[in-house]
Amino acid sequence: MHEKSIELLNKAVADELTAVHQYMYFHFHCDDQGFELLSNLFRKTAIEEMMHVEMLAERILFLKGEVNMTLANEIQKLHSVREMLELASSMEASSVRDYNTWANESAANADSRTKKLFEQLVDDEERHFDQYDTEIDNLERFGSQYLALQSIERSKNLSSGATE
């Protein structure tokens, strides 16, 4: 009865798992490059995406489906901060489009709870998109100085004994 909802929810699980892995990869590399603020943004977003996986999985199980724990795409090995932010922004915009579509499909299949879940995810993904879009704007406005300031701030924190 809920096969279509389970299918859509599993597509969302795959997208969210991909985002978790991609953002953690970016977190590690931003941290390694000394860009603490961006590193923390990617880490925080990855954790939020993990919580999305949990919500989606709970709904799938409630509908008596099987949770597929596969990634939608391979992780892209990017080291340029601009490329990381552009990919993250693109991923979030794609999720917003998909989740809006899937909310409507869920409604058409008389599954209002799944529809509401997708709408809730749209809110979070739009916020993530805005955060990455703002960081891209900062890079465009301030250039490499923006990244240098993050690196200097990290060095100040480390030299003062502040823990990460």
# chains A, B, ... in the order shown; residues from 1 in each chain; ligands from 1
call {"tool": "residues_around", "arguments": {"residues": "Glu126 of chain A", "least_positions_apart": "2", "cutoff": "10 Å", "atoms": "only C-alpha atoms", "output": "list in words"}}
result
Ser89, Glu92, Ala93, Ser95, Val96, Arg97, Leu121, Val122, Asp123, Asp124, His128, Phe129, Asp130, Gln131 and Tyr132 of chain A
call {"tool": "write_last_selection", "arguments": {"atoms": "C-alpha atoms", "output": "short mmCIF file (atom, residue, chain, number, x, y, z; two decimals), in the first residue's frame"}}
result
data_model
loop_
_atom_site.label_atom_id
_atom_site.label_comp_id
_atom_site.auth_asym_id
_atom_site.auth_seq_id
_atom_site.Cartn_x
_atom_site.Cartn_y
_atom_site.Cartn_z
CA SER A 89 25.11 24.40 -2.45
CA GLU A 92 21.15 21.24 -1.09
CA ALA A 93 19.31 22.89 -4.00
CA SER A 95 17.42 18.11 -2.26
CA VAL A 96 14.99 21.01 -1.99
CA ARG A 97 13.66 20.32 -5.50
CA LEU A 121 13.27 18.39 5.26
CA VAL A 122 12.77 21.16 2.71
CA ASP A 123 12.98 23.72 5.53
CA ASP A 124 16.30 22.28 6.75
CA HIS A 128 21.71 24.62 4.55
CA PHE A 129 21.60 26.03 1.02
CA ASP A 130 21.46 29.56 2.42
CA GLN A 131 24.47 28.88 4.68
CA TYR A 132 26.58 27.59 1.79
#
call {"tool": "select_by_dssp", "arguments": {"residues": "chain A", "states": "alpha helix (DSSP H)", "output": "VMD selection string"}}
result
chain A and resid 3 to 32 36 to 62 81 to 108 112 to 142 144 to 159
call {"tool": "atom_distance", "arguments": {"atom1": "atom CA of Arg82 of chain A", "atom2": "atom CA of Gln120 of chain A"}}
result
28.2 Å
call {"tool": "atom_distance", "arguments": {"atom1": "atom CA of Ser106 of chain A", "atom2": "atom CA of Glu66 of chain A"}}
result
17.8 Å
call {"tool": "closest_residue", "arguments": {"among": "A:Glu3, A:Asp133, A:Glu16, A:Asp31", "to": "Met69 of chain A", "atoms": "only C-alpha atoms"}}
result
A:Glu16
call {"tool": "residues_around", "arguments": {"residues": "Val67 of chain A", "least_positions_apart": "6", "cutoff": "7 Å", "atoms": "only C-alpha atoms", "output": "list in words"}}
result
Asn10, Ala57 and Ile60 of chain A
call {"tool": "write_last_selection", "arguments": {"atoms": "N, CA and C atoms", "output": "compact mmCIF listing (two decimals), in the first residue's frame"}}
result
# COMPACT_ATOMS: atom_id res chain seq x y z
N ASN A 10 13.40 6.00 0.66
CA ASN A 10 14.71 5.38 0.48
C ASN A 10 15.60 6.19 -0.46
N ALA A 57 14.36 6.81 8.15
CA ALA A 57 14.38 5.37 8.46
C ALA A 57 13.21 5.00 9.38
N ILE A 60 10.16 4.81 7.22
CA ILE A 60 10.18 3.60 6.39
C ILE A 60 9.79 2.38 7.21
call {"tool": "closest_residue", "arguments": {"among": "A:Phe62, A:Glu140, A:Lys77, A:Ser90", "to": "His27 of chain A", "atoms": "only C-alpha atoms"}}
result
A:Lys77
call {"tool": "residues_around", "arguments": {"residues": "Glu58 of chain A", "least_positions_apart": "4", "cutoff": "12 Å", "atoms": "only C-alpha atoms", "output": "list in words"}}
result
Ile6, Leu9, Asn10, Val13, Met51, His52, Val53, Glu54, Phe62, Leu63, Lys64, Gly65, Glu66, Val67, Arg113, Thr114 and Leu117 of chain A
call {"tool": "decode", "arguments": {"residues": "segment 89-135 of chain A", "atoms": "N, CA and C atoms", "output": "compact mmCIF listing (two decimals), in the first residue's frame"}}
result
# COMPACT_ATOMS: atom_id res chain seq x y z
N SER A 89 26.25 23.57 -2.07
CA SER A 89 25.11 24.40 -2.45
C SER A 89 24.25 23.68 -3.49
N SER A 90 24.89 23.07 -4.47
CA SER A 90 24.19 22.33 -5.51
C SER A 90 23.44 21.13 -4.92
N MET A 91 24.08 20.41 -4.02
CA MET A 91 23.44 19.25 -3.38
C MET A 91 22.19 19.68 -2.62
N GLU A 92 22.29 20.78 -1.88
CA GLU A 92 21.15 21.24 -1.09
C GLU A 92 20.01 21.71 -2.00
N ALA A 93 20.35 22.43 -3.06
CA ALA A 93 19.31 22.89 -4.00
C ALA A 93 18.60 21.70 -4.64
N SER A 94 19.36 20.67 -4.98
CA SER A 94 18.77 19.46 -5.55
C SER A 94 17.84 18.78 -4.55
N SER A 95 18.27 18.71 -3.30
CA SER A 95 17.42 18.11 -2.26
C SER A 95 16.12 18.88 -2.10
N VAL A 96 16.20 20.20 -2.12
CA VAL A 96 14.99 21.01 -1.99
C VAL A 96 14.02 20.69 -3.12
N ARG A 97 14.53 20.64 -4.35
CA ARG A 97 13.66 20.32 -5.50
C ARG A 97 13.05 18.93 -5.35
N ASP A 98 13.90 17.95 -5.03
CA ASP A 98 13.40 16.57 -4.91
C ASP A 98 12.37 16.45 -3.80
N TYR A 99 12.66 17.01 -2.64
CA TYR A 99 11.76 16.85 -1.49
C TYR A 99 10.43 17.56 -1.72
N ASN A 100 10.45 18.69 -2.42
CA ASN A 100 9.19 19.34 -2.77
C ASN A 100 8.37 18.45 -3.70
N THR A 101 9.03 17.89 -4.69
CA THR A 101 8.35 16.98 -5.62
C THR A 101 7.80 15.77 -4.88
N TRP A 102 8.65 15.19 -4.03
CA TRP A 102 8.25 13.97 -3.31
C TRP A 102 7.15 14.25 -2.29
N ALA A 103 7.11 15.45 -1.72
CA ALA A 103 6.01 15.82 -0.82
C ALA A 103 4.70 15.80 -1.59
N ASN A 104 4.73 16.36 -2.80
CA ASN A 104 3.51 16.37 -3.63
C ASN A 104 3.11 14.95 -4.04
N GLU A 105 4.09 14.12 -4.38
CA GLU A 105 3.78 12.73 -4.74
C GLU A 105 3.19 11.98 -3.55
N SER A 106 3.71 12.25 -2.36
CA SER A 106 3.19 11.60 -1.15
C SER A 106 1.75 12.02 -0.90
N ALA A 107 1.48 13.29 -1.10
CA ALA A 107 0.11 13.77 -0.92
C ALA A 107 -0.83 13.10 -1.93
N ALA A 108 -0.36 12.96 -3.16
CA ALA A 108 -1.18 12.31 -4.19
C ALA A 108 -1.43 10.84 -3.87
N ASN A 109 -0.54 10.24 -3.08
CA ASN A 109 -0.70 8.84 -2.67
C ASN A 109 -1.38 8.72 -1.30
N ALA A 110 -2.00 9.80 -0.85
CA ALA A 110 -2.73 9.81 0.43
C ALA A 110 -1.84 9.43 1.62
N ASP A 111 -0.62 9.96 1.63
CA ASP A 111 0.30 9.73 2.75
C ASP A 111 0.75 11.09 3.28
N SER A 112 -0.14 11.68 4.07
CA SER A 112 0.12 13.04 4.55
C SER A 112 1.29 13.11 5.52
N ARG A 113 1.54 12.05 6.28
CA ARG A 113 2.67 12.07 7.22
C ARG A 113 4.01 12.11 6.49
N THR A 114 4.14 11.33 5.43
CA THR A 114 5.37 11.37 4.64
C THR A 114 5.49 12.73 3.96
N LYS A 115 4.38 13.27 3.48
CA LYS A 115 4.38 14.61 2.88
C LYS A 115 4.93 15.63 3.87
N LYS A 116 4.45 15.58 5.10
CA LYS A 116 4.92 16.52 6.13
C LYS A 116 6.41 16.34 6.42
N LEU A 117 6.86 15.10 6.42
CA LEU A 117 8.28 14.83 6.66
C LEU A 117 9.13 15.47 5.56
N PHE A 118 8.73 15.29 4.30
CA PHE A 118 9.48 15.90 3.20
C PHE A 118 9.44 17.43 3.30
N GLU A 119 8.31 17.99 3.70
CA GLU A 119 8.22 19.44 3.86
C GLU A 119 9.15 19.93 4.97
N GLN A 120 9.24 19.17 6.04
CA GLN A 120 10.16 19.53 7.12
C GLN A 120 11.61 19.49 6.62
N LEU A 121 11.92 18.49 5.81
CA LEU A 121 13.27 18.39 5.26
C LEU A 121 13.58 19.56 4.33
N VAL A 122 12.58 20.01 3.58
CA VAL A 122 12.77 21.16 2.71
C VAL A 122 13.22 22.37 3.53
N ASP A 123 12.60 22.59 4.67
CA ASP A 123 12.98 23.72 5.53
C ASP A 123 14.45 23.64 5.91
N ASP A 124 14.90 22.46 6.34
CA ASP A 124 16.30 22.28 6.75
C ASP A 124 17.24 22.45 5.57
N GLU A 125 16.90 21.86 4.43
CA GLU A 125 17.79 21.92 3.27
C GLU A 125 17.88 23.33 2.71
N GLU A 126 16.79 24.09 2.78
CA GLU A 126 16.85 25.49 2.35
C GLU A 126 17.77 26.30 3.26
N ARG A 127 17.73 25.99 4.54
CA ARG A 127 18.64 26.67 5.49
C ARG A 127 20.08 26.32 5.18
N HIS A 128 20.35 25.04 4.91
CA HIS A 128 21.71 24.62 4.55
C HIS A 128 22.16 25.32 3.27
N PHE A 129 21.27 25.35 2.27
CA PHE A 129 21.60 26.03 1.02
C PHE A 129 21.98 27.48 1.30
N ASP A 130 21.19 28.15 2.11
CA ASP A 130 21.46 29.56 2.42
C ASP A 130 22.82 29.73 3.10
N GLN A 131 23.17 28.80 4.01
CA GLN A 131 24.47 28.88 4.68
C GLN A 131 25.61 28.75 3.68
N TYR A 132 25.51 27.79 2.78
CA TYR A 132 26.58 27.59 1.79
C TYR A 132 26.61 28.74 0.79
N ASP A 133 25.45 29.23 0.40
CA ASP A 133 25.38 30.36 -0.51
C ASP A 133 26.03 31.60 0.11
N THR A 134 25.80 31.81 1.40
CA THR A 134 26.42 32.93 2.11
C THR A 134 27.93 32.79 2.13
N GLU A 135 28.43 31.57 2.35
CA GLU A 135 29.88 31.35 2.36
C GLU A 135 30.47 31.60 0.97
